[in-house]
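Colleague: First the structure, which I've put down as structure tokens, then a few questions once you've had a look.
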Amino acid sequence: MRAIWSGAISFGLVNIPVKLYSGTSTEHSLDLNMLSKKDMAPIRYARISTASNKEVEWKDIVKGYEIEKGKYVVISDEDFRKASPEKTNTIEILQFVNEKEIDSIFYEKPYYLVPDKGAAKAYILLMKALEKAGKVAVATCVIRNREHIFSIKPMSGEILILEQLRYADQINEIPEIKTANTKVTQQEINLALKLIDQLTEKFKPEAFKDTYTDTMKKLIEAKAKGKKISAPAVEKKTAAVKDLMSVLKESLHTTGHGKKKVA
């Protein structure tokens with residue numbers, strides 16, 4: 001795996017040279033091509049100049065900012081670096097916060113932070129200090145010509161994770177939920193807690209598989225062989241529960257997904 005960025009974590013007067021690796025992949029996605037329905041030929045997207053009406057090669061394409069109608073200023077990668085050279089090579093820690101203060105909706109994309117040559121001690125120091133304090137660092141950094149906000153936290157006591165965060169103005173307003181006159185009893189809460197406790201297990205991410213993609217691949221193989229595919233019947237679920245207590249009690253008599261009876 002190749003590093004996608006290299007620079008340093010700025011921690012007070014301490015600089016920790018690091019390399020950045022992507023923490024996730026999209027291997028499970030299906031690689032689908034766009035085809036013409038008429039002749040099943042692949043669709044080719046062309047980059048056409050509006051002036052010459054001719055296709056333009058990638059090497060002849062530049063980025064530009066429109067300062068007035070039809071007038072552009074060309075912006076190069078070097079211009080981005082000139083705008084803020086220190087930010088393009090530095091993950092600057094601005095503050096430390098309790099992890100619980102960052103809602104899950106703000107987390108966008110994880111990266112692995114790996115110490116570069118000669119940075120192991122300072123790297124371990126930061127990781128151990130974060131673990132001991134029970135805090136996460138909040139930092140800024142420029143990646144791919146754009147400044148982002150990140151959190152830095154230890155993962156399993158082995159490595160630091162850099163998590164790209166969304167800015168507050170990227171979070172949509174919470175939709176209206178009409179629950180003002182809805183009440184639940186303490187008995188219903190107690191039964192729900194028992195059900196949660198009954199279904200509580202240690203989280204094992206390796207136990208979860210992308211079965212949808214596997215199913216789609218089998219469907220594609222079947223269609224390629226000329227087999228007729230029919231969708232399985234889907235059980236309709238009722239939207240409202242008239243007797244919540246009875247449903248909770250019935251749920252407590254099963255574990256997993258209702259396959260095993262509780263003694």
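By convention here, the chains of the structure tokens are called A, B, ... in the order presented, each chain's residues are numbered starting at 1, and ligands are numbered starting at 1 in the order presented.
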Got a sec: who's within 10 Å of A:Arg144, counting only C-alpha atoms, leaving out chain neighbours fewer than 6 positions off, as a list in words?
Modeller: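 In the requested form, the answer reads Ile4, Trp5, Asp77, Phe80 and Thr88 of chain A.
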Colleague: With N, CA and C atoms kept, could you save the residues just selected as a short mmCIF file (atom, residue, chain, number, x, y, z; two decimals), in the first residue's frame?
Modeller:
```
data_model
loop_
_atom_site.label_atom_id
_atom_site.label_comp_id
_atom_site.auth_asym_id
_atom_site.auth_seq_id
_atom_site.Cartn_x
_atom_site.Cartn_y
_atom_site.Cartn_z
N ILE A 4 -0.35 8.19 0.62
CA ILE A 4 -0.98 9.19 -0.25
C ILE A 4 -0.57 10.60 0.12
N TRP A 5 0.16 10.74 1.23
CA TRP A 5 0.59 12.07 1.69
C TRP A 5 1.70 11.89 2.70
N ASP A 77 -1.38 23.65 -9.38
CA ASP A 77 -1.07 23.03 -8.10
C ASP A 77 -0.06 23.85 -7.32
N PHE A 80 -1.76 26.56 -5.34
CA PHE A 80 -2.34 26.07 -4.09
C PHE A 80 -1.28 26.00 -3.00
N THR A 88 0.23 22.80 3.72
CA THR A 88 0.24 21.68 2.79
C THR A 88 1.12 20.54 3.28
#
```
Colleague: Extract the full set of alpha helix (DSSP H) residues from stretch 72-261 of chain A according to DSSP on the backbone, and format it as a ChimeraX atom specification.
Modeller: /A:77-83,120-133,186-198,211-224,244-251
Colleague: Taking only C-alpha atoms into account, name the residue in A:Leu193, A:Leu199, A:Ile161, A:Leu252 that is nearest to A:Lys19.
Modeller: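 So, comparing all the options, the nearest one is A:Ile161.
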Colleague: Write out as a PyMOL selection string which residues come within 6 Å of stretch 164-178 of chain A when counting only C-alpha atoms, dropping same-chain ones fewer than 3 positions away.
Modeller: chain A and resi 106-109+149-150
Colleague: Provide the atom CA of A:Met155 to atom CA of A:Ser22 distance in Å, to one decimal place.
Modeller: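 Computing it gives 14.5 Å between the two atoms.
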Colleague: Atom CA of A:Ala120 and atom CA of A:Pro154 are how many Å apart?
Modeller: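 These two atoms are separated by 14.4 Å.
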Colleague: DSSP on the backbone, then: every residue of stretch 125-210 of chain A marked strand (DSSP E), written as a list in words.
Modeller: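 Residues meeting the strand (DSSP E) criterion: Lys135, Val136, Ala137, Val138, Ala139, Thr140, Cys141, Val142, Ile143, Arg146, Glu147, His148, Ile149, Phe150, Ser151, Ile152, Lys153, Pro154, Met155, Ile159, Leu160, Ile161, Leu162, Glu163, Gln164 and Leu165 of chain A.
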Colleague: Please produce an output containing N, CA, C and O atoms for each residue in the selection, written as an mmCIF file, in the first residue's frame.
Modeller:
```cif
data_model
loop_
_atom_site.group_PDB
_atom_site.id
_atom_site.type_symbol
_atom_site.label_atom_id
_atom_site.label_comp_id
_atom_site.auth_asym_id
_atom_site.auth_seq_id
_atom_site.Cartn_x
_atom_site.Cartn_y
_atom_site.Cartn_z
ATOM 1 N N LYS A 135 -8.478 11.619 25.466
ATOM 2 C CA LYS A 135 -8.852 12.718 24.574
ATOM 3 C C LYS A 135 -8.561 12.365 23.116
ATOM 4 O O LYS A 135 -7.844 11.411 22.811
ATOM 5 N N VAL A 136 -9.125 13.172 22.212
ATOM 6 C CA VAL A 136 -8.757 13.115 20.802
ATOM 7 C C VAL A 136 -8.277 14.505 20.399
ATOM 8 O O VAL A 136 -8.732 15.513 20.952
ATOM 9 N N ALA A 137 -7.349 14.542 19.463
ATOM 10 C CA ALA A 137 -6.842 15.821 18.973
ATOM 11 C C ALA A 137 -7.701 16.297 17.813
ATOM 12 O O ALA A 137 -8.202 15.489 17.027
ATOM 13 N N VAL A 138 -7.893 17.589 17.713
ATOM 14 C CA VAL A 138 -8.584 18.194 16.569
ATOM 15 C C VAL A 138 -7.543 18.999 15.799
ATOM 16 O O VAL A 138 -6.840 19.844 16.375
ATOM 17 N N ALA A 139 -7.427 18.716 14.517
ATOM 18 C CA ALA A 139 -6.367 19.324 13.714
ATOM 19 C C ALA A 139 -6.873 19.751 12.344
ATOM 20 O O ALA A 139 -7.962 19.341 11.921
ATOM 21 N N THR A 140 -6.081 20.559 11.668
ATOM 22 C CA THR A 140 -6.379 20.949 10.284
ATOM 23 C C THR A 140 -5.206 20.558 9.401
ATOM 24 O O THR A 140 -4.061 20.476 9.854
ATOM 25 N N CYS A 141 -5.507 20.291 8.136
ATOM 26 C CA CYS A 141 -4.470 19.925 7.177
ATOM 27 C C CYS A 141 -5.027 20.093 5.762
ATOM 28 O O CYS A 141 -6.236 19.970 5.547
ATOM 29 N N VAL A 142 -4.142 20.407 4.828
ATOM 30 C CA VAL A 142 -4.542 20.517 3.420
ATOM 31 C C VAL A 142 -4.208 19.214 2.711
ATOM 32 O O VAL A 142 -3.049 18.794 2.680
ATOM 33 N N ILE A 143 -5.222 18.555 2.174
ATOM 34 C CA ILE A 143 -5.049 17.330 1.393
ATOM 35 C C ILE A 143 -5.807 17.490 0.082
ATOM 36 O O ILE A 143 -6.959 17.895 0.073
ATOM 37 N N ARG A 146 -7.226 21.055 -0.632
ATOM 38 C CA ARG A 146 -8.336 21.582 0.163
ATOM 39 C C ARG A 146 -8.069 21.376 1.646
ATOM 40 O O ARG A 146 -7.611 20.302 2.048
ATOM 41 N N GLU A 147 -8.361 22.395 2.450
ATOM 42 C CA GLU A 147 -8.150 22.282 3.880
ATOM 43 C C GLU A 147 -9.320 21.549 4.528
ATOM 44 O O GLU A 147 -10.480 21.839 4.260
ATOM 45 N N HIS A 148 -8.989 20.590 5.374
ATOM 46 C CA HIS A 148 -9.999 19.804 6.081
ATOM 47 C C HIS A 148 -9.739 19.877 7.575
ATOM 48 O O HIS A 148 -8.637 20.208 8.022
ATOM 49 N N ILE A 149 -10.750 19.527 8.345
ATOM 50 C CA ILE A 149 -10.620 19.391 9.789
ATOM 51 C C ILE A 149 -10.597 17.900 10.108
ATOM 52 O O ILE A 149 -11.310 17.114 9.467
ATOM 53 N N PHE A 150 -9.750 17.503 11.074
ATOM 54 C CA PHE A 150 -9.567 16.091 11.388
ATOM 55 C C PHE A 150 -9.573 15.863 12.892
ATOM 56 O O PHE A 150 -9.331 16.781 13.673
ATOM 57 N N SER A 151 -9.820 14.622 13.256
ATOM 58 C CA SER A 151 -9.565 14.185 14.623
ATOM 59 C C SER A 151 -8.427 13.179 14.556
ATOM 60 O O SER A 151 -8.248 12.489 13.551
ATOM 61 N N ILE A 152 -7.624 13.128 15.620
ATOM 62 C CA ILE A 152 -6.535 12.154 15.716
ATOM 63 C C ILE A 152 -6.743 11.371 17.004
ATOM 64 O O ILE A 152 -6.877 11.958 18.078
ATOM 65 N N LYS A 153 -6.789 10.047 16.885
ATOM 66 C CA LYS A 153 -6.984 9.221 18.077
ATOM 67 C C LYS A 153 -6.306 7.870 17.896
ATOM 68 O O LYS A 153 -6.092 7.418 16.767
ATOM 69 N N PRO A 154 -5.954 7.217 19.010
ATOM 70 C CA PRO A 154 -5.317 5.896 18.930
ATOM 71 C C PRO A 154 -6.331 4.841 18.523
ATOM 72 O O PRO A 154 -7.514 4.945 18.839
ATOM 73 N N MET A 155 -5.851 3.827 17.819
ATOM 74 C CA MET A 155 -6.687 2.686 17.456
ATOM 75 C C MET A 155 -6.034 1.423 17.998
ATOM 76 O O MET A 155 -4.927 1.065 17.587
ATOM 77 N N ILE A 159 -1.830 2.182 16.570
ATOM 78 C CA ILE A 159 -1.621 3.159 15.504
ATOM 79 C C ILE A 159 -2.526 4.366 15.725
ATOM 80 O O ILE A 159 -3.558 4.265 16.397
ATOM 81 N N LEU A 160 -2.123 5.501 15.183
ATOM 82 C CA LEU A 160 -2.965 6.689 15.243
ATOM 83 C C LEU A 160 -3.855 6.748 14.009
ATOM 84 O O LEU A 160 -3.402 6.500 12.886
ATOM 85 N N ILE A 161 -5.116 7.061 14.244
ATOM 86 C CA ILE A 161 -6.077 7.209 13.154
ATOM 87 C C ILE A 161 -6.364 8.688 12.946
ATOM 88 O O ILE A 161 -6.667 9.422 13.890
ATOM 89 N N LEU A 162 -6.264 9.129 11.698
ATOM 90 C CA LEU A 162 -6.636 10.492 11.313
ATOM 91 C C LEU A 162 -8.011 10.403 10.665
ATOM 92 O O LEU A 162 -8.177 9.743 9.644
ATOM 93 N N GLU A 163 -9.007 11.013 11.279
ATOM 94 C CA GLU A 163 -10.382 10.900 10.780
ATOM 95 C C GLU A 163 -10.841 12.244 10.241
ATOM 96 O O GLU A 163 -10.923 13.230 10.973
ATOM 97 N N GLN A 164 -11.113 12.293 8.937
ATOM 98 C CA GLN A 164 -11.614 13.537 8.341
ATOM 99 C C GLN A 164 -13.007 13.825 8.873
ATOM 100 O O GLN A 164 -13.869 12.955 8.880
ATOM 101 N N LEU A 165 -13.210 15.067 9.315
ATOM 102 C CA LEU A 165 -14.501 15.478 9.861
ATOM 103 C C LEU A 165 -15.224 16.406 8.892
ATOM 104 O O LEU A 165 -14.588 17.115 8.113
#
```
Colleague: Go through A:Gly7, A:Lys223, A:Gly12, A:Glu158 and flag the residue nearest A:Ile124, using only C-alpha atoms for the distances.
Modeller: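 So, comparing all the options, the nearest one is A:Glu158.
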Colleague: Leaving out stretch 55-60 of chain A and any residue of its chain fewer than 5 positions from it, which residues lie within 12 Å of it when counting only C-alpha atoms, given as a ChimeraX atom specification?
Modeller: /A:44-50
Colleague: Can you pull out the residues contacting A:Asp243? Cut-off 12 Å, using only C-alpha atoms, and skip same-chain residues under 4 positions away; I want them as a PyMOL selection string.
Modeller: chain A and resi 184+188+247-250
Colleague: State, in Å with one decimal place, the distance from atom CA of A:Asp210 to atom CA of A:Ile102.
Modeller: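 Distance reported for this atom pair: 28.0 Å.
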Colleague: Which of these residues is nearest to A:Thr211, using only C-alpha atoms: A:Ser29, A:Gln95, A:Gln186, A:Ser10?
Modeller: A:Ser29
